[in-house]
$ cat upload-v4.txt   # compact mmCIF, C-alpha atoms and all ligand atoms
# COMPACT_ATOMS: atom_id res chain seq x y z
CA MET A 1 19.81 120.87 4.57
CA THR A 2 23.51 120.43 5.11
CA GLU A 3 25.51 122.61 2.76
CA PHE A 4 28.96 121.58 1.63
CA ILE A 5 31.41 123.96 0.02
CA HIS A 6 31.66 122.42 -3.43
CA ARG A 7 32.44 122.81 -7.10
CA PHE A 8 30.05 121.79 -9.83
CA GLU A 9 30.92 121.53 -13.49
CA PRO A 10 28.05 120.72 -15.85
CA ALA A 11 28.28 117.87 -18.32
CA THR A 12 29.58 118.64 -21.78
CA SER A 13 28.45 115.28 -23.21
CA ALA A 14 25.02 113.81 -22.66
CA HIS A 15 24.48 110.25 -21.36
CA LEU A 16 27.62 110.09 -19.25
CA PRO A 17 27.15 109.46 -15.51
CA PRO A 18 27.84 112.46 -13.26
CA LEU A 19 30.83 111.94 -10.98
CA LEU A 20 30.86 112.69 -7.27
CA LEU A 21 34.49 113.50 -6.47
CA LEU A 22 35.59 112.85 -2.88
CA HIS A 23 39.07 113.99 -1.89
CA GLY A 24 41.51 112.52 0.64
CA THR A 25 42.55 113.98 4.02
CA GLY A 26 43.87 117.52 3.59
CA GLY A 27 42.40 117.90 0.14
CA ASP A 28 39.56 120.07 -1.05
CA GLU A 29 36.89 120.44 -3.71
CA ASN A 30 39.48 121.30 -6.38
CA ASP A 31 41.70 118.25 -5.91
CA LEU A 32 40.01 115.61 -8.01
CA LEU A 33 38.53 117.74 -10.80
CA GLY A 34 41.49 116.86 -13.04
CA LEU A 35 41.15 113.16 -12.25
CA GLY A 36 37.42 113.30 -12.98
CA LYS A 37 38.08 114.88 -16.37
CA MET A 38 40.68 112.25 -17.18
CA ILE A 39 38.54 109.26 -16.30
CA SER A 40 35.24 110.46 -17.75
CA PRO A 41 35.70 113.47 -20.06
CA GLY A 42 32.38 115.24 -20.50
CA SER A 43 30.73 113.99 -17.28
CA ALA A 44 29.16 116.49 -14.89
CA LEU A 45 31.41 116.85 -11.82
CA LEU A 46 30.14 117.43 -8.30
CA SER A 47 32.97 117.90 -5.84
CA PRO A 48 32.27 118.69 -2.16
CA ARG A 49 34.81 119.60 0.51
CA GLY A 50 34.78 117.43 3.64
CA ARG A 51 33.27 119.30 6.61
CA VAL A 52 35.48 117.83 9.33
CA LEU A 53 38.79 119.50 10.11
CA GLU A 54 41.73 117.52 11.51
CA HIS A 55 44.47 120.02 12.43
CA GLY A 56 43.06 122.25 9.70
CA MET A 57 42.88 119.45 7.12
CA PRO A 58 39.46 118.77 5.60
CA ARG A 59 38.09 115.21 5.86
CA PHE A 60 34.71 113.58 5.45
CA PHE A 61 34.49 112.12 9.00
CA ARG A 62 36.37 112.08 12.28
CA ARG A 63 38.96 109.48 13.15
CA LEU A 64 40.39 108.56 16.52
CA SER A 65 43.77 107.65 15.05
CA GLU A 66 45.19 106.50 11.74
CA GLY A 67 42.84 103.78 10.45
CA VAL A 68 40.61 103.93 13.58
CA PHE A 69 37.36 105.68 12.77
CA ASP A 70 34.77 107.43 14.93
CA GLU A 71 32.02 105.25 13.53
CA GLU A 72 29.17 107.28 14.96
CA ASP A 73 30.58 110.22 13.05
CA VAL A 74 31.05 108.08 9.92
CA ARG A 75 27.34 107.25 10.00
CA ARG A 76 26.23 110.82 10.65
CA ARG A 77 28.50 112.35 8.01
CA ALA A 78 27.59 109.75 5.39
CA LEU A 79 23.91 110.61 5.84
CA GLU A 80 24.70 114.35 5.64
CA LEU A 81 26.59 113.75 2.41
CA GLY A 82 23.65 111.70 1.11
CA ASP A 83 21.30 114.64 1.81
CA PHE A 84 23.67 117.04 0.08
CA ILE A 85 23.76 114.80 -3.01
CA ALA A 86 19.97 114.58 -3.11
CA ASP A 87 19.73 118.40 -2.97
CA ALA A 88 22.50 118.88 -5.53
CA ARG A 89 20.76 116.48 -7.91
CA LYS A 90 17.68 118.71 -7.85
CA ARG A 91 19.64 121.95 -7.99
CA TYR A 92 21.79 120.88 -10.93
CA ASP A 93 19.34 118.44 -12.53
CA ILE A 94 21.69 115.48 -12.61
CA ALA A 95 21.25 111.71 -12.32
CA ALA A 96 22.55 109.67 -9.39
CA PRO A 97 26.33 110.03 -9.52
CA VAL A 98 29.13 107.51 -9.60
CA ALA A 99 31.41 108.31 -6.66
CA VAL A 100 35.13 108.60 -7.32
CA GLY A 101 36.79 108.67 -3.92
CA PHE A 102 40.40 108.64 -2.84
CA SER A 103 41.52 107.48 0.62
CA ASN A 104 39.26 109.23 3.17
CA GLY A 105 36.94 110.11 0.27
CA ALA A 106 36.82 106.45 -0.78
CA ASN A 107 36.00 105.48 2.80
CA ILE A 108 33.02 107.84 3.04
CA ALA A 109 31.86 106.58 -0.38
CA ALA A 110 32.03 102.99 0.92
CA ALA A 111 30.04 104.06 4.01
CA LEU A 112 27.45 105.75 1.79
CA LEU A 113 27.10 102.57 -0.29
CA LEU A 114 26.45 100.54 2.85
CA LEU A 115 24.15 103.06 4.59
CA LYS A 116 22.28 104.67 1.67
CA PRO A 117 22.69 102.41 -1.37
CA ASP A 118 20.30 104.39 -3.58
CA VAL A 119 22.30 107.60 -3.44
CA LEU A 120 25.10 106.38 -5.72
CA ALA A 121 24.87 104.75 -9.15
CA GLY A 122 28.23 103.12 -8.51
CA ALA A 123 31.66 103.88 -7.11
CA VAL A 124 35.35 103.97 -7.88
CA LEU A 125 37.07 103.39 -4.54
CA LEU A 126 40.75 104.26 -4.61
CA ARG A 127 42.68 102.98 -1.54
CA ALA A 128 39.52 102.36 0.50
CA MET A 129 39.11 100.59 3.84
CA VAL A 130 36.17 98.96 5.61
CA PRO A 131 34.45 102.07 7.05
CA LEU A 132 32.16 100.40 9.61
CA SER A 133 32.88 97.40 11.82
CA ASP A 134 29.20 96.53 12.07
CA PRO A 135 27.58 97.67 8.82
CA PRO A 136 23.86 97.30 8.19
CA THR A 137 22.70 94.67 5.70
CA ALA A 138 22.71 96.68 2.49
CA ASN A 139 21.11 95.76 -0.80
CA LEU A 140 23.62 96.72 -3.46
CA ALA A 141 22.16 94.41 -6.11
CA GLY A 142 23.96 95.00 -9.38
CA LYS A 143 25.69 98.22 -8.21
CA PRO A 144 29.02 98.53 -10.05
CA VAL A 145 32.06 99.13 -7.87
CA LEU A 146 35.71 99.39 -8.86
CA LEU A 147 38.04 98.90 -5.89
CA LEU A 148 41.71 99.63 -6.52
CA SER A 149 44.19 98.95 -3.74
CA GLY A 150 47.96 99.33 -3.46
CA GLN A 151 49.97 96.22 -2.69
CA ALA A 152 52.50 98.33 -0.73
CA ASP A 153 49.97 100.68 0.91
CA PRO A 154 51.22 101.50 4.43
CA ILE A 155 47.78 102.83 5.47
CA VAL A 156 45.43 100.15 4.10
CA PRO A 157 46.45 96.55 4.88
CA ALA A 158 45.72 94.13 2.01
CA SER A 159 43.45 92.09 4.29
CA ASN A 160 41.31 95.19 4.93
CA SER A 161 40.66 96.01 1.28
CA ALA A 162 39.98 92.32 0.56
CA LYS A 163 37.42 92.38 3.39
CA LEU A 164 35.75 95.46 1.87
CA ALA A 165 35.59 93.74 -1.53
CA ALA A 166 33.94 90.71 0.11
CA LEU A 167 31.51 92.87 2.11
CA LEU A 168 30.33 94.77 -0.97
CA SER A 169 30.09 91.58 -3.07
CA GLU A 170 28.05 89.84 -0.38
CA ALA A 171 25.66 92.81 -0.45
CA GLY A 172 25.18 92.15 -4.17
CA ALA A 173 27.48 94.76 -5.74
CA ARG A 174 29.31 93.91 -8.98
CA VAL A 175 32.77 94.42 -7.56
CA ASP A 176 35.86 94.67 -9.71
CA TYR A 177 38.74 94.41 -7.24
CA LYS A 178 42.37 94.88 -8.23
CA VAL A 179 45.54 95.13 -6.19
CA LEU A 180 48.06 97.32 -7.99
CA THR A 181 51.82 97.53 -7.68
CA ALA A 182 51.49 100.82 -5.83
CA GLY A 183 51.42 102.41 -2.39
CA HIS A 184 48.75 104.73 -0.98
CA GLN A 185 49.27 107.35 -3.68
CA LEU A 186 47.54 107.05 -7.01
CA SER A 187 49.42 105.80 -10.04
CA GLN A 188 48.89 106.02 -13.77
CA ALA A 189 47.41 102.50 -13.57
CA ASP A 190 44.60 103.84 -11.36
CA VAL A 191 43.68 106.44 -13.96
CA THR A 192 43.76 103.98 -16.86
CA LEU A 193 41.78 101.29 -15.04
CA ALA A 194 39.20 103.78 -13.76
CA ARG A 195 38.76 105.29 -17.23
CA ASN A 196 38.29 101.88 -18.86
CA TRP A 197 35.94 100.75 -16.12
CA ILE A 198 33.75 103.87 -16.30
CA GLY A 199 33.61 103.51 -20.07
CA SER A 200 32.43 99.92 -19.82
CA VAL A 201 30.04 100.16 -16.89
CA ASP A 202 26.37 100.83 -17.37
CA ALA A 203 25.79 102.92 -14.28
CA LYS A 204 22.17 103.53 -15.28
CA ALA A 205 21.51 99.79 -15.00
CA ALA A 206 22.52 99.93 -11.32
C1 LIG B 1 40.97 107.63 6.74
O1 LIG B 1 41.19 108.20 7.79
O2 LIG B 1 39.92 107.72 6.10
C2 LIG B 1 42.05 106.74 6.23
O3 LIG B 1 42.98 106.49 7.24
C3 LIG B 1 42.70 107.32 5.02
C4 LIG B 1 43.31 108.66 5.31
O4 LIG B 1 42.61 109.64 5.21
O5 LIG B 1 44.50 108.72 5.65
$ encode --input "upload-v4.txt" --output "structure tokens"
Amino acid sequence: MTEFIHRFEPATSAHLPPLLLLHGTGGDENDLLGLGKMISPGSALLSPRGRVLEHGMPRFFRRLSEGVFDEEDVRRRALELGDFIADARKRYDIAAPVAVGFSNGANIAAALLLLKPDVLAGAVLLRAMVPLSDPPTANLAGKPVLLLSGQADPIVPASNSAKLAALLSEAGARVDYKVLTAGHQLSQADVTLARNWIGSVDAKAA
């Protein structure tokens, strides 16, 4: 199996979906633990570190330049992450997680949804882009997805996040797509919207 350096924090409340926390470029397994606790207090948290290094900065897949992805690597790394999640579910006895990904972490979560739909119970995609130019036909029937984009994001053009929302909806996901008055960085609105969404979504129904 493919091991990822990771943190795991067990649930402190039953019946809440576990969260899979996926950091942005240059982050690590500690980055999003605080965010996870804010948006779903009591959920189990599984937080891997991306295995690709770009000038020493961890990421979840290789890119050729800003916004231009090595798609073969995206596919390979998404499958590796899927295997890690399957193993971690057995090791820690947890249900399928809801991914909470930021930036590069949101992009690998989107790739995982398209390539291995059963691995995730749903996803919160913060500043995500279309990860694959020629994605397979995925069946995401009923899968809940929250996609939050920044209107002034210099990295993710509005047309790109709109395309991702359309792609996931066409595959059957229940997509909640909002464009916030924000840039690439997260804002308080992201936290509030994600918390309300997680509280309302029935990830087990996905
Ligand atoms: C990516 O490479 O996944 C996106 O450009 C976001 C980033 O990490 O800067």
$ closest_residue --input "upload-v4.txt" --among "A:His15, A:Arg7, A:Arg174, A:Arg63" --to "ligand LIG 1 (chain B)" --atoms "only C-alpha atoms and all ligand atoms"
A:Arg63
$ closest_residue --input "upload-v4.txt" --among "A:His23, A:His184, A:Lys178, A:Arg91" --to "Ile108 in chain A" --atoms "only C-alpha atoms"
A:His23
$ atom_distance --input "upload-v4.txt" --atom1 "CA of Asn160 in chain A" --atom2 "CA of Ala106 in chain A"
13.4 Å
$ residues_near_ligand --input "upload-v4.txt" --ligand "ligand LIG 1 (chain B)" --cutoff "6 Å" --atoms "only C-alpha atoms and all ligand atoms" --output "PyMOL selection string"
chain A and resi 24-25+63+66-67+103-104+107
$ atom_distance --input "upload-v4.txt" --atom1 "CA of Arg77 in chain A" --atom2 "CA of Gly36 in chain A"
22.8 Å
$ residues_around --input "upload-v4.txt" --residues "Phe8 in chain A" --least-positions-apart "4" --cutoff "12 Å" --atoms "only C-alpha atoms" --output "number ranges by chain"
A: 4, 18-21, 29-30, 32-33, 36, 43-49, 85, 88-89, 91-94
$ atom_distance --input "upload-v4.txt" --atom1 "CA of Phe60 in chain A" --atom2 "CA of Thr12 in chain A"
28.2 Å
$ residues_around --input "upload-v4.txt" --residues "Ala86 in chain A" --least-positions-apart "6" --cutoff "12 Å" --atoms "only C-alpha atoms" --output "PyMOL selection string"
chain A and resi 1-3+20+46+79-80+92-97+116+118-120
$ decode --input "upload-v4.txt" --residues "range 134-145 of chain A" --atoms "N, CA and C atoms" --output "PDB file, in the first residue's frame"
ATOM      1  N   ASP A 134      -9.834  15.668 -19.573  1.00  0.00           N
ATOM      2  CA  ASP A 134     -10.654  14.643 -20.218  1.00  0.00           C
ATOM      3  C   ASP A 134     -11.075  13.611 -19.166  1.00  0.00           C
ATOM      4  N   PRO A 135     -11.952  14.017 -18.248  1.00  0.00           N
ATOM      5  CA  PRO A 135     -12.281  13.118 -17.135  1.00  0.00           C
ATOM      6  C   PRO A 135     -13.146  11.945 -17.591  1.00  0.00           C
ATOM      7  N   PRO A 136     -13.069  10.834 -16.873  1.00  0.00           N
ATOM      8  CA  PRO A 136     -13.940   9.708 -17.211  1.00  0.00           C
ATOM      9  C   PRO A 136     -15.387  10.063 -16.859  1.00  0.00           C
ATOM     10  N   THR A 137     -16.331   9.315 -17.399  1.00  0.00           N
ATOM     11  CA  THR A 137     -17.731   9.539 -17.040  1.00  0.00           C
ATOM     12  C   THR A 137     -17.945   8.946 -15.658  1.00  0.00           C
ATOM     13  N   ALA A 138     -18.120   9.822 -14.679  1.00  0.00           N
ATOM     14  CA  ALA A 138     -18.264   9.343 -13.300  1.00  0.00           C
ATOM     15  C   ALA A 138     -19.731   9.296 -12.925  1.00  0.00           C
ATOM     16  N   ASN A 139     -20.064   8.389 -12.015  1.00  0.00           N
ATOM     17  CA  ASN A 139     -21.423   8.383 -11.471  1.00  0.00           C
ATOM     18  C   ASN A 139     -21.363   8.918 -10.047  1.00  0.00           C
ATOM     19  N   LEU A 140     -21.764  10.168  -9.901  1.00  0.00           N
ATOM     20  CA  LEU A 140     -21.719  10.809  -8.584  1.00  0.00           C
ATOM     21  C   LEU A 140     -23.126  10.991  -8.034  1.00  0.00           C
ATOM     22  N   ALA A 141     -24.033  10.122  -8.458  1.00  0.00           N
ATOM     23  CA  ALA A 141     -25.456  10.276  -8.117  1.00  0.00           C
ATOM     24  C   ALA A 141     -25.674  10.613  -6.645  1.00  0.00           C
ATOM     25  N   GLY A 142     -26.207  11.785  -6.395  1.00  0.00           N
ATOM     26  CA  GLY A 142     -26.588  12.185  -5.045  1.00  0.00           C
ATOM     27  C   GLY A 142     -25.446  12.604  -4.144  1.00  0.00           C
ATOM     28  N   LYS A 143     -24.205  12.555  -4.632  1.00  0.00           N
ATOM     29  CA  LYS A 143     -23.037  12.884  -3.786  1.00  0.00           C
ATOM     30  C   LYS A 143     -23.058  14.382  -3.480  1.00  0.00           C
ATOM     31  N   PRO A 144     -23.031  14.756  -2.185  1.00  0.00           N
ATOM     32  CA  PRO A 144     -23.076  16.182  -1.865  1.00  0.00           C
ATOM     33  C   PRO A 144     -21.717  16.855  -2.003  1.00  0.00           C
ATOM     34  N   VAL A 145     -21.699  17.971  -2.695  1.00  0.00           N
ATOM     35  CA  VAL A 145     -20.457  18.714  -2.900  1.00  0.00           C
ATOM     36  C   VAL A 145     -20.720  20.201  -2.663  1.00  0.00           C
TER      37      VAL A 145
END
